[in-house]
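I have placed the structure first, in the form of structure tokens, so that the comments after it can refer back to it.
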Amino acid sequence: MAMKDEVKEQQQKLKGKTAREKLEYFWDYYKVHTIVALFVVFTAGIFIKDMISSKDTAFSAVVLNSYGFETQEDFQADFSAYAGIDTNAYHCLIDATSTLSLESMTQIDFAFSQRLAGMVQTNGLDAFVSDPLVFGHYAEEMLFRDLRKELSNEEYLKYEPYFYYIDAAAIEEKNKIDEAMADVSSEISATQTDPANPSAMTDPIPVGIYLDDSTKLAEWNCYANMEETPIFGFVETSNRMDISHLFLQYLTD
């Protein structure tokens with residue numbers, strides 16, 4: 001049936017009916033069409049709202065295994081003010097709630113490790129702070145920048161006493177062994193020497209900074225129950241290094 005004829009037929013059916021009867025007929029006949037139309041309008045509205053309200057990210061950091069659940073928002077707001085980030089126009093993201101256990105590797109741990117990999121691959125993470133065990137794991141994966149190339153002369157002198165080192169020669173040897181034992185379970189570590197003692201390494205590279213007595217981490221109740229000192233690293237793939245340097249300064253001043 002042509003659309004014009006269908007419209008005429010519907011008009012004939014409604015002829016002489018009350019307004020309520022017409023409304024009931026319309027709902028019975030066009031119920032599915034109406035629901036679909038409302039769904040389309042609703043979905044389009046959400047999409048348009050997200051497009052209008054979406055903001056670029058000015059800075060993103062993970063402060064892992066810090067258990068800063070209750071203070072994360074205040075942490076973000078305080079650093080945003082310190083760095084001069086306009087939070088009406090940009091996001092400042094400091095994740096102080098995520099955790100990762102390399103020993104248990106539950107579904108939650110696996111999900112976070114996948115999310116972290118995605119952030120790194122898409123240049124979505126700028127700075128990383130964690131306990132020594134997790135930091136060492138990612139340092140061996142070459143996640144962090146060489147501080148000799150990243151820090152200014154002034155920064156280098158300031159932070160050198162607190163450097164965390166990896167031994168590039170030991171990591172290369174470990175990788176060779178791992179390749180040779182590809183079909184065998186291996187727990188060989190390249191960080192068996194003291195990461196704070198470069199003299200015991202063949203090719204030491206500073207990639208982290210121990211955050212001894214960080215007043216800001218203490219203020220935001222991060223690592224409150226951890227005896228070991230957390231470590232800071234610049235993420236290799238970051239494109240926002242200026243604010244990453246401000247974050248290091250914020251944590252250590």
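Just remember, in the structure tokens the first chain shown is A, the second B, etc., residues are 1-based per chain, and ligands are 1-based in the order shown.
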
Can you write out as JSON lines which residues of range 129-195 of chain A fall within 7 Å of range 220-237 of chain A, alongside each residue's closest atom pair and its distance in Å to one decimal, counting only C-alpha atoms and ordering rows by chain and ascending residue number?
{"residue": "A:Val129", "atom": "CA", "partner": "A:Phe232", "partner_atom": "CA", "distance": 4.5}
{"residue": "A:Ser130", "atom": "CA", "partner": "A:Pro230", "partner_atom": "CA", "distance": 5.3}
{"residue": "A:Asp131", "atom": "CA", "partner": "A:Pro230", "partner_atom": "CA", "distance": 4.6}
{"residue": "A:Pro132", "atom": "CA", "partner": "A:Pro230", "partner_atom": "CA", "distance": 6.2}
{"residue": "A:Phe135", "atom": "CA", "partner": "A:Ile231", "partner_atom": "CA", "distance": 6.9}
{"residue": "A:Leu143", "atom": "CA", "partner": "A:Glu236", "partner_atom": "CA", "distance": 5.7}
{"residue": "A:Phe144", "atom": "CA", "partner": "A:Val235", "partner_atom": "CA", "distance": 4.7}
{"residue": "A:Arg145", "atom": "CA", "partner": "A:Glu236", "partner_atom": "CA", "distance": 4.9}

Excluding Ser80 in chain A and any residue of its chain fewer than 4 positions from it, enumerate the residues within 12 Å of it, using only C-alpha atoms, and give them as an NGL selection string. :A and (57-60 or 73-76 or 84-94 or 243-244 or 246-247 or 250)

Find, counting only C-alpha atoms, the residue in A:Tyr138, A:Phe110, A:Tyr210, A:Tyr67 that gets nearest to Asp95 in chain A. A:Tyr67

Name the closest residue to Asn123 in chain A among the candidates A:Asn197, A:Gln107, A:Leu64, A:Asn239; distances are taken between atoms, counting only C-alpha atoms.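 Distance minimum relative to Asn123 in chain A lands on A:Asn239.
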
Strand (DSSP E or B) per DSSP on the backbone: members of range 34-247 of chain A, as a VMD selection string: chain A and resid 56 to 63 90 to 95 127 to 130 144 163 to 167 204 to 210 231 to 235

Atomic distance CA of Lys149 in chain A - CA of Thr122 in chain A, expressed in Å with one decimal: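 So the two atoms, CA of Lys149 in chain A and CA of Thr122 in chain A, lie 22.2 Å apart.
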
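The shortest atom-to-atom distance to Pro195 in chain A, with only C-alpha atoms taken into account, belongs to A:Ala139 out of A:Leu116, A:Ala139, A:Leu251, A:Ala169.
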
In Å, how far is it from CA of Leu125 in chain A to CA of Gly68 in chain A?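 Going from CA of Leu125 in chain A over to CA of Gly68 in chain A, I get 18.5 Å.
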
Excluding Pro206 in chain A and its own-chain neighbours fewer than 4 positions away, which residues fall within 9 Å of it when counting only C-alpha atoms? Please give them as a list of chain:residue names.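 Here the qualifying residues turn out to be A:Arg145, A:Asp146, A:Leu147, A:Arg148, A:Glu160, A:Phe163, A:Tyr164, A:Tyr165, A:Ile166, A:Asp167, A:Pro195, A:Pro198.
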
So the first atom is CA of Val134 in chain A and the second is CA of Ser101 in chain A; what is the distance between them in Å, to one decimal place? 7.9 Å

Can you tell me, as a count of residues only, what residues are no more than 8 Å from Thr202 in chain A when counting only C-alpha atoms, ignoring any on the same chain fewer than 2 positions away? 7

Which of range 95-213 of chain A end up as alpha helix (DSSP H) when DSSP is run on this backbone - answer as a PyMOL selection string? chain A and resi 107-121+132-140+147-150+153-159+168-180
